[in-house]
Amino acid sequence: MEPFVRLSATAVPLRAENVDTDQIIPARYLTAVTRDGMSDGLFAAWRFRADGSANPDFVLNHAEYSGAQVLVAGRNFGSGSSREHAVWALTEYGFRVVITPGFADIFYNNALKNGLLPVVLPEGTVNMLLDLLEEAPDTVVQVDLVDQFVRLADGQQIGFQLDPYCRQCLMQGLDDLGYLLSKGAAIGEYEESEKSF
């Protein structure tokens, strides 16, 4: 997966709480066995009208948020079923970071294993970000995984926490298996030293 170290990008305000994985990508898009095409179904019930045309009321269809790589949403993002496809849809669409006051556990872990940085910030801070992004869609958000902070254009800097192992894997672009394979030489040396016969 693509390493994540630092990002400066615009952001989309999704003013919704308890966004579940079926809302992120409806079940009818889960027939594929690869990640290709998952972004077609991202927020499909909200992005598209019944006739398949774009819903002009949905924030992802607003031109001023085109190309954003950060999604800011309300608490309990990614609840519902454990479908990894939800993370695949977000990353294929172009998001590298989701900021909320809290994630569903399975979604949070799926995000970390698929190169999507889940950032938890206090609810008041997220509400401030939502207001700011609605007022000024061209706002650039800096996300620094090295020093673990989000910085706004006015210099405001907000720290966040991430498990050190997950942080290291994201920065190196490794999932669990990739991390294990990166230690192959050390594992081989240990196995040689432990041979009993």
# chains A, B, ... in the order shown; residues from 1 in each chain; ligands from 1
>>> residues_around(residues="segment 6-23 of chain A", least_positions_apart="2", cutoff="7 Å", atoms="only C-alpha atoms", output="PyMOL selection string")
chain A and resi 4+25-27+43+45+59+65+68-81+83+86+130+133-134+138-145
>>> write_last_selection(atoms="N, CA and C atoms", output="CSV table (one decimal), in the first residue's frame")
chain,number,residue,atom,x,y,z
A,4,PHE,N,2.1,6.6,4.0
A,4,PHE,CA,1.5,7.9,4.4
A,4,PHE,C,2.5,8.5,5.4
A,25,ILE,N,-20.7,2.1,1.4
A,25,ILE,CA,-20.8,1.4,0.1
A,25,ILE,C,-21.9,0.3,0.3
A,26,PRO,N,-23.0,0.5,-0.4
A,26,PRO,CA,-24.1,-0.4,-0.3
A,26,PRO,C,-23.8,-1.8,-0.7
A,27,ALA,N,-24.5,-2.8,-0.1
A,27,ALA,CA,-24.2,-4.2,-0.3
A,27,ALA,C,-24.1,-4.6,-1.8
A,43,PHE,N,-20.8,6.0,-1.1
A,43,PHE,CA,-22.0,6.8,-0.7
A,43,PHE,C,-23.0,6.8,-1.9
A,45,ALA,N,-26.0,5.7,-2.3
A,45,ALA,CA,-27.4,6.1,-2.1
A,45,ALA,C,-27.6,7.6,-1.8
A,59,VAL,N,-22.7,16.5,-0.7
A,59,VAL,CA,-21.5,17.3,-0.7
A,59,VAL,C,-20.4,16.8,-1.6
A,65,TYR,N,-15.5,20.8,-3.7
A,65,TYR,CA,-14.8,19.8,-2.9
A,65,TYR,C,-14.1,18.7,-3.8
A,68,ALA,N,-10.6,16.5,-3.0
A,68,ALA,CA,-10.3,16.5,-1.6
A,68,ALA,C,-9.8,15.1,-1.2
A,69,GLN,N,-8.8,15.1,-0.3
A,69,GLN,CA,-8.2,13.9,0.1
A,69,GLN,C,-8.5,13.6,1.6
A,70,VAL,N,-9.2,14.5,2.2
A,70,VAL,CA,-9.5,14.4,3.7
A,70,VAL,C,-11.0,14.5,3.8
A,71,LEU,N,-11.6,13.5,4.6
A,71,LEU,CA,-13.0,13.5,4.8
A,71,LEU,C,-13.2,13.8,6.3
A,72,VAL,N,-14.0,14.7,6.6
A,72,VAL,CA,-14.3,15.1,8.0
A,72,VAL,C,-15.8,14.7,8.3
A,73,ALA,N,-16.1,13.9,9.3
A,73,ALA,CA,-17.4,13.5,9.5
A,73,ALA,C,-17.7,13.4,11.0
A,74,GLY,N,-19.0,13.2,11.3
A,74,GLY,CA,-19.4,13.1,12.7
A,74,GLY,C,-19.0,11.8,13.4
A,75,ARG,N,-19.4,11.6,14.7
A,75,ARG,CA,-18.9,10.5,15.5
A,75,ARG,C,-19.5,9.2,15.0
A,76,ASN,N,-18.8,8.1,15.4
A,76,ASN,CA,-19.2,6.7,15.1
A,76,ASN,C,-19.2,6.4,13.6
A,77,PHE,N,-18.2,6.9,13.0
A,77,PHE,CA,-18.0,6.7,11.5
A,77,PHE,C,-17.6,5.2,11.3
A,78,GLY,N,-18.3,4.6,10.3
A,78,GLY,CA,-17.9,3.2,9.9
A,78,GLY,C,-18.6,2.1,10.7
A,79,SER,N,-19.7,2.4,11.3
A,79,SER,CA,-20.4,1.4,12.1
A,79,SER,C,-21.0,0.4,11.2
A,80,GLY,N,-21.7,-0.6,11.8
A,80,GLY,CA,-22.4,-1.6,10.9
A,80,GLY,C,-21.5,-2.8,10.6
A,81,SER,N,-21.7,-3.3,9.5
A,81,SER,CA,-21.0,-4.6,9.1
A,81,SER,C,-19.5,-4.3,9.0
A,83,ARG,N,-17.5,-4.9,6.6
A,83,ARG,CA,-17.0,-4.9,5.2
A,83,ARG,C,-15.8,-4.0,5.0
A,86,ALA,N,-15.7,-0.8,2.4
A,86,ALA,CA,-15.9,0.6,2.7
A,86,ALA,C,-14.6,1.4,2.7
A,130,LEU,N,-15.8,21.2,10.6
A,130,LEU,CA,-17.0,21.1,9.7
A,130,LEU,C,-17.5,22.5,9.3
A,133,LEU,N,-14.9,24.2,7.0
A,133,LEU,CA,-14.9,23.6,5.6
A,133,LEU,C,-16.2,24.0,4.8
A,134,GLU,N,-17.3,24.2,5.5
A,134,GLU,CA,-18.5,24.6,4.8
A,134,GLU,C,-18.4,26.1,4.4
A,138,ASP,N,-12.0,25.9,0.2
A,138,ASP,CA,-10.7,25.8,-0.3
A,138,ASP,C,-9.6,25.6,0.8
A,139,THR,N,-10.1,25.5,2.0
A,139,THR,CA,-9.2,25.3,3.2
A,139,THR,C,-8.3,24.1,3.0
A,140,VAL,N,-7.0,24.3,3.2
A,140,VAL,CA,-6.1,23.2,3.1
A,140,VAL,C,-5.8,22.7,4.5
A,141,VAL,N,-5.9,21.4,4.7
A,141,VAL,CA,-5.6,20.8,6.0
A,141,VAL,C,-4.3,20.0,5.8
A,142,GLN,N,-3.4,20.3,6.8
A,142,GLN,CA,-2.1,19.5,6.8
A,142,GLN,C,-2.3,18.4,7.8
A,143,VAL,N,-1.9,17.2,7.4
A,143,VAL,CA,-1.9,16.1,8.3
A,143,VAL,C,-0.5,15.5,8.4
A,144,ASP,N,0.1,15.5,9.5
A,144,ASP,CA,1.5,15.0,9.7
A,144,ASP,C,1.5,13.8,10.6
A,145,LEU,N,1.8,12.7,10.0
A,145,LEU,CA,1.8,11.4,10.8
A,145,LEU,C,3.1,11.3,11.5
>>> select_by_dssp(residues="chain A", states="alpha helix (DSSP H)", output="PyMOL selection string")
chain A and resi 21-24+44-47+85-93+105-113+123-135+164-172+176-182+184-193
>>> closest_residue(among="A:Val150, A:Ala50, A:Val120, A:Val87", to="Ile106 of chain A", atoms="only C-alpha atoms")
A:Val87
>>> atom_distance(atom1="atom CA of Leu129 of chain A", atom2="atom CA of Lys113 of chain A")
25.9 Å
>>> closest_residue(among="A:Asp36, A:Asp175, A:Glu189, A:Asp131", to="Leu90 of chain A", atoms="only C-alpha atoms")
A:Asp36
>>> select_by_dssp(residues="chain A", states="strand (DSSP E or B)", output="PyMOL selection string")
chain A and resi 6-14+20+48+54+70-73+77+79+97-100+103+117-120+140-144+149-151+157-159
>>> write_last_selection(atoms="N, CA and C atoms", output="mmCIF file, in the first residue's frame")
data_model
loop_
_atom_site.group_PDB
_atom_site.id
_atom_site.type_symbol
_atom_site.label_atom_id
_atom_site.label_comp_id
_atom_site.auth_asym_id
_atom_site.auth_seq_id
_atom_site.Cartn_x
_atom_site.Cartn_y
_atom_site.Cartn_z
ATOM 1 N N ARG A 6 3.057 12.577 5.289
ATOM 2 C CA ARG A 6 2.443 13.896 5.472
ATOM 3 C C ARG A 6 1.545 14.173 4.276
ATOM 4 N N LEU A 7 0.523 14.985 4.520
ATOM 5 C CA LEU A 7 -0.417 15.324 3.459
ATOM 6 C C LEU A 7 -0.905 16.750 3.655
ATOM 7 N N SER A 8 -0.939 17.516 2.575
ATOM 8 C CA SER A 8 -1.597 18.817 2.562
ATOM 9 C C SER A 8 -2.663 18.748 1.490
ATOM 10 N N ALA A 9 -3.918 18.884 1.880
ATOM 11 C CA ALA A 9 -5.009 18.675 0.929
ATOM 12 C C ALA A 9 -6.261 19.396 1.405
ATOM 13 N N THR A 10 -7.181 19.570 0.483
ATOM 14 C CA THR A 10 -8.490 20.087 0.862
ATOM 15 C C THR A 10 -9.304 18.954 1.483
ATOM 16 N N ALA A 11 -10.422 19.339 2.098
ATOM 17 C CA ALA A 11 -11.209 18.368 2.862
ATOM 18 C C ALA A 11 -12.698 18.548 2.589
ATOM 19 N N VAL A 12 -13.421 17.446 2.755
ATOM 20 C CA VAL A 12 -14.870 17.454 2.547
ATOM 21 C C VAL A 12 -15.574 17.360 3.904
ATOM 22 N N PRO A 13 -16.523 18.266 4.172
ATOM 23 C CA PRO A 13 -17.291 18.155 5.416
ATOM 24 C C PRO A 13 -18.528 17.279 5.204
ATOM 25 N N LEU A 14 -18.568 16.137 5.840
ATOM 26 C CA LEU A 14 -19.733 15.252 5.779
ATOM 27 C C LEU A 14 -20.425 15.345 7.136
ATOM 28 N N ASP A 20 -22.815 4.348 8.587
ATOM 29 C CA ASP A 20 -22.441 2.924 8.627
ATOM 30 C C ASP A 20 -21.841 2.480 7.295
ATOM 31 N N PHE A 48 -26.175 9.563 -5.690
ATOM 32 C CA PHE A 48 -26.947 9.434 -6.923
ATOM 33 C C PHE A 48 -28.449 9.413 -6.654
ATOM 34 N N ALA A 54 -26.340 12.399 -10.754
ATOM 35 C CA ALA A 54 -25.713 12.902 -9.532
ATOM 36 C C ALA A 54 -26.707 13.710 -8.708
ATOM 37 N N VAL A 70 -9.174 14.533 2.249
ATOM 38 C CA VAL A 70 -9.501 14.386 3.667
ATOM 39 C C VAL A 70 -11.010 14.460 3.796
ATOM 40 N N LEU A 71 -11.586 13.516 4.557
ATOM 41 C CA LEU A 71 -13.016 13.509 4.836
ATOM 42 C C LEU A 71 -13.201 13.779 6.321
ATOM 43 N N VAL A 72 -14.042 14.744 6.643
ATOM 44 C CA VAL A 72 -14.333 15.067 8.045
ATOM 45 C C VAL A 72 -15.796 14.735 8.292
ATOM 46 N N ALA A 73 -16.071 13.917 9.298
ATOM 47 C CA ALA A 73 -17.440 13.452 9.545
ATOM 48 C C ALA A 73 -17.726 13.409 11.044
ATOM 49 N N PHE A 77 -18.151 6.867 12.951
ATOM 50 C CA PHE A 77 -18.022 6.651 11.505
ATOM 51 C C PHE A 77 -17.616 5.201 11.254
ATOM 52 N N SER A 79 -19.674 2.425 11.342
ATOM 53 C CA SER A 79 -20.375 1.404 12.135
ATOM 54 C C SER A 79 -21.048 0.405 11.187
ATOM 55 N N VAL A 97 -7.286 10.340 4.413
ATOM 56 C CA VAL A 97 -7.497 10.591 5.845
ATOM 57 C C VAL A 97 -8.993 10.760 6.095
ATOM 58 N N VAL A 98 -9.478 10.181 7.196
ATOM 59 C CA VAL A 98 -10.822 10.475 7.689
ATOM 60 C C VAL A 98 -10.667 10.988 9.116
ATOM 61 N N ILE A 99 -11.273 12.135 9.385
ATOM 62 C CA ILE A 99 -11.209 12.748 10.712
ATOM 63 C C ILE A 99 -12.611 12.726 11.307
ATOM 64 N N THR A 100 -12.749 12.162 12.496
ATOM 65 C CA THR A 100 -14.039 12.149 13.207
ATOM 66 C C THR A 100 -13.772 12.163 14.712
ATOM 67 N N PHE A 103 -14.541 6.311 15.640
ATOM 68 C CA PHE A 103 -14.809 5.322 14.597
ATOM 69 C C PHE A 103 -15.358 4.045 15.224
ATOM 70 N N LEU A 117 -5.659 6.746 6.845
ATOM 71 C CA LEU A 117 -5.351 7.204 8.196
ATOM 72 C C LEU A 117 -6.618 7.654 8.910
ATOM 73 N N PRO A 118 -7.014 6.957 9.984
ATOM 74 C CA PRO A 118 -8.165 7.385 10.774
ATOM 75 C C PRO A 118 -7.686 8.298 11.910
ATOM 76 N N VAL A 119 -8.155 9.521 11.920
ATOM 77 C CA VAL A 119 -7.728 10.489 12.940
ATOM 78 C C VAL A 119 -8.910 10.805 13.843
ATOM 79 N N VAL A 120 -8.718 10.596 15.132
ATOM 80 C CA VAL A 120 -9.747 10.911 16.121
ATOM 81 C C VAL A 120 -9.398 12.239 16.785
ATOM 82 N N VAL A 140 -7.040 24.320 3.199
ATOM 83 C CA VAL A 140 -6.087 23.217 3.117
ATOM 84 C C VAL A 140 -5.791 22.726 4.534
ATOM 85 N N VAL A 141 -5.897 21.426 4.695
ATOM 86 C CA VAL A 141 -5.623 20.778 5.972
ATOM 87 C C VAL A 141 -4.306 20.022 5.838
ATOM 88 N N GLN A 142 -3.399 20.257 6.768
ATOM 89 C CA GLN A 142 -2.145 19.508 6.781
ATOM 90 C C GLN A 142 -2.253 18.403 7.824
ATOM 91 N N VAL A 143 -1.932 17.198 7.414
ATOM 92 C CA VAL A 143 -1.946 16.063 8.337
ATOM 93 C C VAL A 143 -0.536 15.488 8.354
ATOM 94 N N ASP A 144 0.077 15.493 9.527
ATOM 95 C CA ASP A 144 1.460 15.046 9.684
ATOM 96 C C ASP A 144 1.455 13.815 10.577
ATOM 97 N N PHE A 149 -0.026 15.457 14.075
ATOM 98 C CA PHE A 149 -0.871 16.631 14.265
ATOM 99 C C PHE A 149 -1.595 16.969 12.976
ATOM 100 N N VAL A 150 -2.688 17.707 13.132
ATOM 101 C CA VAL A 150 -3.439 18.315 12.038
ATOM 102 C C VAL A 150 -3.233 19.817 12.172
ATOM 103 N N ARG A 151 -2.858 20.477 11.074
ATOM 104 C CA ARG A 151 -2.615 21.920 11.117
ATOM 105 C C ARG A 151 -3.519 22.615 10.112
ATOM 106 N N GLN A 157 -2.811 24.081 15.436
ATOM 107 C CA GLN A 157 -2.279 22.731 15.345
ATOM 108 C C GLN A 157 -2.933 21.855 16.396
ATOM 109 N N ILE A 158 -3.464 20.715 15.941
ATOM 110 C CA ILE A 158 -4.198 19.824 16.833
ATOM 111 C C ILE A 158 -3.530 18.454 16.796
ATOM 112 N N GLY A 159 -3.082 17.979 17.936
ATOM 113 C CA GLY A 159 -2.419 16.679 18.006
ATOM 114 C C GLY A 159 -3.413 15.532 18.004
#
>>> closest_residue(among="A:Cys166, A:Leu116, A:Val146, A:Leu180", to="Glu2 of chain A", atoms="only C-alpha atoms")
A:Leu116
>>> closest_residue(among="A:Pro3, A:Val126, A:Pro137, A:Arg35", to="His62 of chain A", atoms="only C-alpha atoms")
A:Pro137
>>> residues_around(residues="Trp88 of chain A", least_positions_apart="6", cutoff="8 Å", atoms="only C-alpha atoms", output="number ranges by chain")
A: 35, 38-39, 114
>>> write_last_selection(atoms="N, CA, C and O atoms", output="PDB file, in the first residue's frame")
ATOM      1  N   ARG A  35     -10.405  -4.646  -5.487  1.00  0.00           N
ATOM      2  CA  ARG A  35     -10.738  -3.288  -5.057  1.00  0.00           C
ATOM      3  C   ARG A  35     -11.161  -2.402  -6.223  1.00  0.00           C
ATOM      4  O   ARG A  35     -11.714  -1.334  -6.011  1.00  0.00           O
ATOM      5  N   MET A  38     -14.498   0.064  -6.688  1.00  0.00           N
ATOM      6  CA  MET A  38     -15.226   0.278  -5.430  1.00  0.00           C
ATOM      7  C   MET A  38     -15.677   1.732  -5.269  1.00  0.00           C
ATOM      8  O   MET A  38     -16.707   2.018  -4.666  1.00  0.00           O
ATOM      9  N   SER A  39     -14.904   2.674  -5.818  1.00  0.00           N
ATOM     10  CA  SER A  39     -15.278   4.076  -5.649  1.00  0.00           C
ATOM     11  C   SER A  39     -16.591   4.401  -6.362  1.00  0.00           C
ATOM     12  O   SER A  39     -17.261   5.370  -6.007  1.00  0.00           O
ATOM     13  N   ASN A 114      -5.259  -0.741   5.356  1.00  0.00           N
ATOM     14  CA  ASN A 114      -5.433  -0.448   3.932  1.00  0.00           C
ATOM     15  C   ASN A 114      -4.981   0.951   3.543  1.00  0.00           C
ATOM     16  O   ASN A 114      -5.386   1.483   2.511  1.00  0.00           O
TER      17      ASN A 114
END
>>> atom_distance(atom1="atom CA of Asp176 of chain A", atom2="atom CA of Val5 of chain A")
17.8 Å
